[in-house]
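I have placed the structure first, in the form of structure tokens, so that the comments after it can refer back to it.
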Amino acid sequence: MATTSDTPAPGPVRTCVGCRARAAANELLRVVAGSDAEGRPALVPDPDRRAPGRGAHVHPTSECWQLAVRRRAFPRALRSGQGLDTALVEQYLTTHAPPPEPHEHRPETGARSS
Ligand SMILES: [Zn+2]
């Protein structure tokens with residue numbers, strides 16, 4: 001499906017808890033309060049948006065993530081108190097982060113002369 005910017009978003013719109021911009025829910029990463037592998041309370045990425053309960057939405061970029069963390073937006077949005085571990089989402093963002101500058105000049109491949 002092509003996305004065009006001059007038609008209303010087809011799906012639900014959510015607000016990024018980082019930059020506070022509104023965006024289609026499917027452009028944002030849903031984050032829920034869950035637990036990590038050791039059972040400690042943690043923020044858990046929910047890319048399929050299927051996890052039950054309250055979710056917070058953030059652009060899947062480290063910029064918005066950092067903003068949201070600094071503002072303590074997640075504990076507030078999730079009503080889950082503080083002390084939620086952020087490692088799972090950070091890991092997710094590291095693995096799934098979009099390339100920062102798609103049109104930036106590429107690292108030189110071959111053409112090595114000294
Ligand atoms: Zn954002």
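We label chains A, B, ... in the order they appear in the structure tokens, count residues from 1 in each chain, and number ligands from 1 in the order shown.
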Residues within 9 Å of ligand 1 should be enumerated using only C-alpha atoms and all ligand atoms and returned as a VMD selection string. chain A and resid 15 to 23 28 57 to 61 63 to 65 67 to 68
Check segment 18-113 of chain A with DSSP on the backbone and list each residue it calls strand (DSSP E or B), as a PyMOL selection string. chain A and resi 22-24+29-35+41-45+55-58+85
Shell around Pro75 of chain A at 12 Å using only C-alpha atoms, local window under 2 positions removed, as number ranges by chain: A: 17, 31-34, 41-43, 54-56, 68-73, 77-86
Keeping C-alpha atoms for every residue in the selection just given, could you write it to a file as an mmCIF file, in the first residue's frame?
```
data_model
loop_
_atom_site.group_PDB
_atom_site.id
_atom_site.type_symbol
_atom_site.label_atom_id
_atom_site.label_comp_id
_atom_site.auth_asym_id
_atom_site.auth_seq_id
_atom_site.Cartn_x
_atom_site.Cartn_y
_atom_site.Cartn_z
ATOM 1 C CA VAL A 17 5.243 10.751 23.716
ATOM 2 C CA VAL A 31 5.379 0.407 24.095
ATOM 3 C CA VAL A 32 3.665 -1.349 26.966
ATOM 4 C CA ALA A 33 4.523 -2.049 30.557
ATOM 5 C CA GLY A 34 5.615 -5.632 30.871
ATOM 6 C CA PRO A 41 9.168 -4.488 35.353
ATOM 7 C CA ALA A 42 10.210 -3.170 31.989
ATOM 8 C CA LEU A 43 9.043 -1.254 28.992
ATOM 9 C CA ARG A 54 -2.307 0.597 28.183
ATOM 10 C CA GLY A 55 0.244 1.514 25.586
ATOM 11 C CA ALA A 56 2.358 4.537 24.843
ATOM 12 C CA ALA A 68 10.318 10.460 26.126
ATOM 13 C CA VAL A 69 12.623 8.862 28.663
ATOM 14 C CA ARG A 70 13.943 12.203 29.804
ATOM 15 C CA ARG A 71 10.412 13.459 30.292
ATOM 16 C CA ARG A 72 9.388 10.315 32.109
ATOM 17 C CA ALA A 73 6.614 10.121 29.583
ATOM 18 C CA ALA A 77 1.398 7.392 29.967
ATOM 19 C CA LEU A 78 1.323 3.841 31.231
ATOM 20 C CA ARG A 79 0.275 4.735 34.774
ATOM 21 C CA SER A 80 2.703 2.198 35.963
ATOM 22 C CA GLY A 81 4.898 4.003 38.403
ATOM 23 C CA GLN A 82 8.562 4.384 37.792
ATOM 24 C CA GLY A 83 11.478 2.048 37.592
ATOM 25 C CA LEU A 84 10.568 0.472 34.291
ATOM 26 C CA ASP A 85 13.641 -0.906 32.636
ATOM 27 C CA THR A 86 14.264 0.601 29.220
#
```
Correct to one decimal, the distance atom CA of Leu29 of chain A-atom CA of Val44 of chain A is 10.3 Å
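Shortest separation to Arg30 of chain A among A:His96, A:Ala51, A:Pro10, A:Ser62 occurs at residue A:Ala51, atoms counted being only C-alpha atoms.
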Can you check which residues of segment 22-106 of chain A DSSP gives as alpha helix (DSSP H) on the backbone and send them as a list in words? Ser62, Glu63, Cys64, Trp65, Gln66, Leu67, Ala68, Val69, Arg70, Ala73, Phe74, Pro75, Arg76, Ala77, Leu78, Ala87, Leu88, Val89, Glu90, Gln91, Tyr92, Leu93, Thr94, Thr95 and His96 of chain A
Interatomic distance, atom CA of Val89 of chain A to atom CA of Pro45 of chain A (Å, one decimal): 5.4 Å
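If you look at atom CA of Arg76 of chain A and atom CA of Asn26 of chain A, they are 21.7 Å away from each other.
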